[in-house]
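Chemist: Please see the structure below; I have some questions.
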Amino acid sequence: MKLTFSLYRYNPDVDTKPYMKDFTLEVPDGSDMMVLDALIKLKEQDPTLAFRRSCREGVCGSDGVNMNGKNGLACITPLSTFKGKKIEIRPLPGMPVVRDLVVDLTQFYKQYEKIKPYLINDEKAPVREHLQSPEERAHLDGLYECIMCACCSTACPSFWWNPDKFIGPSGLLHAYRFLIDSRDTATEERLSELDDAYSVFRCHGIMNCVDVCPKGLNPTKAIGHIKSMLLKRAV
Amino acid sequence: MVTNAASFGRSGVHDYILLRASAVILACYTIFLVGFIACSAPLTFDIWNGLFSSLPMKVFTLITLVALLIHAWIGVWQVLTDYVKHTALRGVLQFTFVVIAFNYLASGIVIVWGV
């Protein structure tokens, strides 16, 4: 089976503007492969093609791209998903393009840094470790699994329009992970940092983040919990 | 923390509460009016005039007009801060929309209390 790809190409050193380039790839009938494997084969055709990848099994979050209009990880998206149609691959939307499918995620990481993604505990350090009950630990499920691939934040219009002010779904998922952690004692400070018109409340719950998350997480639900915590604190 | 001066509420939480509270009032008013029109067929001028002559309806309408002003102010501010990045242009547009919303409120008060 011959599959057609349309890939976003842009090399700022050479090109004046981005363009789409078509490729074809022969895939044996009855077989399937991941989009990343296809990209690696296409790179053999054109070695100048640039994209990020590392673990190739949906754990590192390096190869987030936009495939036929939907963000996802190239390494865990089978070609069969597209049912033989032309596959258009673009970089994650809304981010500055470094080259081809590689985007600059500086703004994404700046927002992540803002939420202080580490445990803060000002109590006297225990002799061995901070203990959690199984129930307290269960609160972290559905939160800690985020691999920061940026698929969610770059699918969010609120993040597109205000990437410097709105934390974004990924950052807020992590923020809630620390807000709900029984070992963290900085809940009040964390909420104070988020208590403005942009950081959290720019989320209007359209759930694009939930739709695209390759790990099946629910940032909208976590953001809802943060809004509830802010509300309880204010009224 | 990001600060904002042009929105109606003083914080994100304030805006969030005001948006939802005003939406409840607007929804109640709409449902009531649609229900009234549906149950009053055929609707005559006397019935309509009688409805708006009563004090509770005047107060309800006034509260709804205020809710509309608040809802529109916050909503327009959110849309403009998303899409209009030029600060001066956004300020002018925000000012224009708020003046229009106040016009609706003032006109509504004069019309309703003139019945």
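Here's how to read the names in the structure tokens: chain A, B, ... by the order shown, residue numbers from 1 in each chain, ligand numbers from 1 in the order shown.
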When the cut-off is 12 Å and we count only C-alpha atoms, which residues of chain A are near chain B, given as an NGL selection string?
Modeler: :A and (111 or 114-115 or 157-167 or 189-204 or 224 or 226-235)
Chemist: Those residues you just picked out, can you put them in a file as a PDB file, in the first residue's frame with C-alpha atoms?
Modeler:
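Result file follows (result_5.pdb):
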ATOM      1  CA  GLN A 111       4.705  28.157  32.655  1.00  0.00           C
ATOM      2  CA  LYS A 114       5.851  29.040  37.510  1.00  0.00           C
ATOM      3  CA  ILE A 115       3.854  26.376  39.346  1.00  0.00           C
ATOM      4  CA  PRO A 157      -6.832  28.212  22.276  1.00  0.00           C
ATOM      5  CA  SER A 158      -6.463  29.962  25.648  1.00  0.00           C
ATOM      6  CA  PHE A 159      -2.789  28.940  25.652  1.00  0.00           C
ATOM      7  CA  TRP A 160      -2.371  30.028  22.024  1.00  0.00           C
ATOM      8  CA  TRP A 161      -3.678  33.545  22.768  1.00  0.00           C
ATOM      9  CA  ASN A 162      -2.016  34.029  26.181  1.00  0.00           C
ATOM     10  CA  PRO A 163       0.968  31.664  26.467  1.00  0.00           C
ATOM     11  CA  ASP A 164       2.732  34.144  28.763  1.00  0.00           C
ATOM     12  CA  LYS A 165      -0.176  34.475  31.219  1.00  0.00           C
ATOM     13  CA  PHE A 166      -2.271  31.291  31.130  1.00  0.00           C
ATOM     14  CA  ILE A 167      -0.441  28.364  32.746  1.00  0.00           C
ATOM     15  CA  GLU A 189       1.172  29.983  48.582  1.00  0.00           C
ATOM     16  CA  ARG A 190       0.521  27.912  45.476  1.00  0.00           C
ATOM     17  CA  LEU A 191      -3.126  29.044  45.340  1.00  0.00           C
ATOM     18  CA  SER A 192      -2.110  32.681  45.867  1.00  0.00           C
ATOM     19  CA  GLU A 193       0.183  32.441  42.847  1.00  0.00           C
ATOM     20  CA  LEU A 194      -2.677  31.119  40.719  1.00  0.00           C
ATOM     21  CA  ASP A 195      -5.324  33.563  41.965  1.00  0.00           C
ATOM     22  CA  ASP A 196      -5.644  35.951  39.020  1.00  0.00           C
ATOM     23  CA  ALA A 197      -7.791  36.338  35.921  1.00  0.00           C
ATOM     24  CA  TYR A 198      -5.430  34.457  33.592  1.00  0.00           C
ATOM     25  CA  SER A 199      -3.390  31.683  35.218  1.00  0.00           C
ATOM     26  CA  VAL A 200      -6.313  29.321  35.840  1.00  0.00           C
ATOM     27  CA  PHE A 201      -9.500  31.136  34.873  1.00  0.00           C
ATOM     28  CA  ARG A 202      -8.585  31.442  31.196  1.00  0.00           C
ATOM     29  CA  CYS A 203      -9.618  27.799  30.956  1.00  0.00           C
ATOM     30  CA  HIS A 204     -13.172  27.758  29.612  1.00  0.00           C
ATOM     31  CA  GLY A 224     -11.941  22.338  37.835  1.00  0.00           C
ATOM     32  CA  ILE A 226      -8.151  24.125  41.310  1.00  0.00           C
ATOM     33  CA  LYS A 227     -11.030  26.509  40.551  1.00  0.00           C
ATOM     34  CA  SER A 228     -13.022  24.926  43.388  1.00  0.00           C
ATOM     35  CA  MET A 229     -10.074  25.343  45.782  1.00  0.00           C
ATOM     36  CA  LEU A 230      -9.732  29.007  44.775  1.00  0.00           C
ATOM     37  CA  LEU A 231     -13.480  29.531  45.202  1.00  0.00           C
ATOM     38  CA  LYS A 232     -13.578  27.879  48.641  1.00  0.00           C
ATOM     39  CA  ARG A 233     -10.685  30.054  49.698  1.00  0.00           C
ATOM     40  CA  ALA A 234     -12.398  33.238  48.464  1.00  0.00           C
ATOM     41  CA  VAL A 235     -15.974  32.851  49.704  1.00  0.00           C
TER      42      VAL A 235
END
Chemist: Work out how far apart CA of Cys151 (chain A) and CA of Pro96 (chain A) are and give it in Å to one decimal.
Modeler: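 So the answer is 14.5 Å.
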Chemist: Measuring atom to atom with only C-alpha atoms, identify which of B:Leu33, B:Ala106, B:Leu68, B:Leu80 is nearest to Gln94 (chain B).
Modeler: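 Counting only C-alpha atoms, the residue closest to Gln94 (chain B) is B:Leu80.
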Chemist: Kindly give the distance, in Å, that separates CA of His225 (chain A) and CA of Ala175 (chain A), rounded to a single decimal.
Modeler: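 Computing it gives 10.6 Å between the two atoms.
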Chemist: Set the distance at 12 Å and use only C-alpha atoms: which residues neighbour Tyr118 (chain A) once local chain neighbours fewer than 3 positions away are removed? I'd like the list as a short mmCIF file (atom, residue, chain, number, x, y, z; two decimals) with N, CA and C atoms, in the first residue's frame.
Modeler:
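Result file follows (around.cif):
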data_model
loop_
_atom_site.label_atom_id
_atom_site.label_comp_id
_atom_site.auth_asym_id
_atom_site.auth_seq_id
_atom_site.Cartn_x
_atom_site.Cartn_y
_atom_site.Cartn_z
N TYR A 112 5.49 25.95 33.26
CA TYR A 112 5.71 24.80 34.16
C TYR A 112 6.54 25.23 35.37
N GLU A 113 7.54 26.06 35.11
CA GLU A 113 8.41 26.54 36.19
C GLU A 113 7.62 27.39 37.19
N LYS A 114 6.66 28.16 36.66
CA LYS A 114 5.85 29.04 37.51
C LYS A 114 5.12 28.31 38.62
N ILE A 115 4.68 27.08 38.35
CA ILE A 115 3.85 26.38 39.35
C ILE A 115 4.70 25.67 40.41
N ASN A 121 7.92 21.43 51.60
CA ASN A 121 7.51 21.00 52.94
C ASN A 121 8.42 21.69 53.96
N TYR A 144 0.20 12.39 38.13
CA TYR A 144 1.65 12.24 38.04
C TYR A 144 2.09 11.64 36.71
N HIS A 174 -0.08 19.61 36.65
CA HIS A 174 1.03 19.45 37.60
C HIS A 174 0.79 20.28 38.86
N ALA A 175 0.21 21.48 38.67
CA ALA A 175 -0.07 22.34 39.83
C ALA A 175 -1.01 21.61 40.79
N TYR A 176 -2.05 20.98 40.24
CA TYR A 176 -3.00 20.27 41.10
C TYR A 176 -2.34 19.05 41.74
N ARG A 177 -1.39 18.44 41.02
CA ARG A 177 -0.70 17.28 41.57
C ARG A 177 0.01 17.65 42.89
N PHE A 178 0.53 18.89 42.96
CA PHE A 178 1.21 19.32 44.19
C PHE A 178 0.23 19.91 45.20
N LEU A 179 -0.86 20.51 44.69
CA LEU A 179 -1.86 21.06 45.62
C LEU A 179 -2.54 19.96 46.42
N ASP A 181 -1.23 16.95 47.03
CA ASP A 181 -0.27 16.04 47.67
C ASP A 181 -0.25 16.28 49.18
N ARG A 183 1.80 15.59 51.34
CA ARG A 183 3.11 15.92 51.91
C ARG A 183 3.50 17.37 51.67
N ASP A 184 2.77 18.04 50.78
CA ASP A 184 3.12 19.42 50.44
C ASP A 184 2.45 20.39 51.42
N THR A 185 3.20 21.36 51.92
CA THR A 185 2.64 22.29 52.90
C THR A 185 2.47 23.71 52.34
N ALA A 186 2.70 23.87 51.04
CA ALA A 186 2.64 25.22 50.44
C ALA A 186 1.34 25.47 49.68
N ARG A 190 0.76 28.35 46.86
CA ARG A 190 0.52 27.91 45.48
C ARG A 190 -0.78 28.51 44.95
#
Chemist: From the options A:Gly69, A:Gly58, A:Pro28, A:Pro117, which residue's atoms come nearest to Leu92 (chain A), counting only C-alpha atoms?
Modeler: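 With only C-alpha atoms as the atom set, the closest residue is A:Gly69.
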Chemist: By how many Å are CA of Ala138 (chain A) and CA of Cys209 (chain A) apart?
Modeler: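 If I compute the distance from CA of Ala138 (chain A) to CA of Cys209 (chain A), I get 22.2 Å.
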Chemist: Name the residues of region 15-100 of chain A that fall into helix (DSSP H, G or I) according to DSSP on the backbone, using the chain letters and numbers of this document, as a list in words.
Modeler: Val35, Leu36, Asp37, Ala38, Leu39, Ile40, Lys41, Leu42, Lys43, Glu44, Gln45, Ala74, Cys75, Ile76, Leu79, Ser80, Thr81 and Phe82 of chain A
Chemist: Between A:Val14, A:Leu101, A:Leu7, A:Met34, which residue has the minimum interatomic distance to Asn68 (chain A), considering only C-alpha atoms?
Modeler: A:Leu7
Chemist: Once you count only C-alpha atoms, what closest atom pair and distance in Å to one decimal does each residue of region 1-43 of chain A within 12 Å of region 102-105 of chain A have, with rows by chain and rising residue number, as JSON lines?
Modeler:
{"residue": "A:Tyr8", "atom": "CA", "partner": "A:Val102", "partner_atom": "CA", "distance": 10.2}
{"residue": "A:Arg9", "atom": "CA", "partner": "A:Val102", "partner_atom": "CA", "distance": 10.0}
{"residue": "A:Tyr10", "atom": "CA", "partner": "A:Val102", "partner_atom": "CA", "distance": 9.6}
{"residue": "A:Asn11", "atom": "CA", "partner": "A:Val102", "partner_atom": "CA", "distance": 10.2}
{"residue": "A:Pro12", "atom": "CA", "partner": "A:Val102", "partner_atom": "CA", "distance": 11.9}
Chemist: Give me a file of those residues, with N, CA and C atoms, as a CSV table (one decimal), in the first residue's frame.
Modeler:
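Just written: selection.csv:
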chain,number,residue,atom,x,y,z
A,8,TYR,N,5.1,19.4,7.0
A,8,TYR,CA,5.4,20.8,7.1
A,8,TYR,C,7.0,21.0,7.1
A,9,ARG,N,7.4,21.8,6.2
A,9,ARG,CA,8.9,22.0,6.1
A,9,ARG,C,9.2,23.5,6.3
A,10,TYR,N,10.2,23.8,7.1
A,10,TYR,CA,10.7,25.1,7.3
A,10,TYR,C,12.0,25.1,7.9
A,11,ASN,N,13.0,25.6,7.2
A,11,ASN,CA,14.3,25.8,7.7
A,11,ASN,C,14.7,27.3,7.6
A,12,PRO,N,14.6,28.0,8.8
A,12,PRO,CA,14.8,29.4,8.7
A,12,PRO,C,16.1,29.9,8.1
Chemist: Let me make sure I understand: among B:Thr44, B:Thr96, B:Ser22, B:Thr30, which one has the smallest atom-to-atom distance to Ile63 (chain B) if we use only C-alpha atoms?
Modeler: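 Under the stated criterion, the closest residue is B:Ser22.
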Chemist: Give me, as a list in words, all polymer residues having an atom no more than 10 Å from Val210 (chain A), counting only C-alpha atoms and skipping those fewer than 6 positions away in the same chain.
Modeler: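 The neighbour list is Cys151, Cys152, Ala155, Pro169, Gly216, Leu217, Asn218, Pro219, Thr220 and Lys221 of chain A.
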Chemist: Considering only C-alpha atoms, state which residue in the set B:Val76, B:Ala23, B:Ile47, B:Ile109 is at the smallest distance from Leu93 (chain B).
Modeler: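 Checking each candidate against Leu93 (chain B), we get B:Val76 as the closest.
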Chemist: Quick one: of A:Ile223, A:Asp37, A:Tyr109, A:Leu131, who's nearest to Ile206 (chain A), counting only C-alpha atoms?
Modeler: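 The closest residue to Ile206 (chain A) is A:Ile223.
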Chemist: According to DSSP computed on the backbone, where in chain A is there strand (DSSP E)? Give the residues as a VMD selection string.
Modeler: chain A and resid 2 to 9 19 to 26 64 to 67 70 to 73 87 to 90 97 to 99 102 to 103
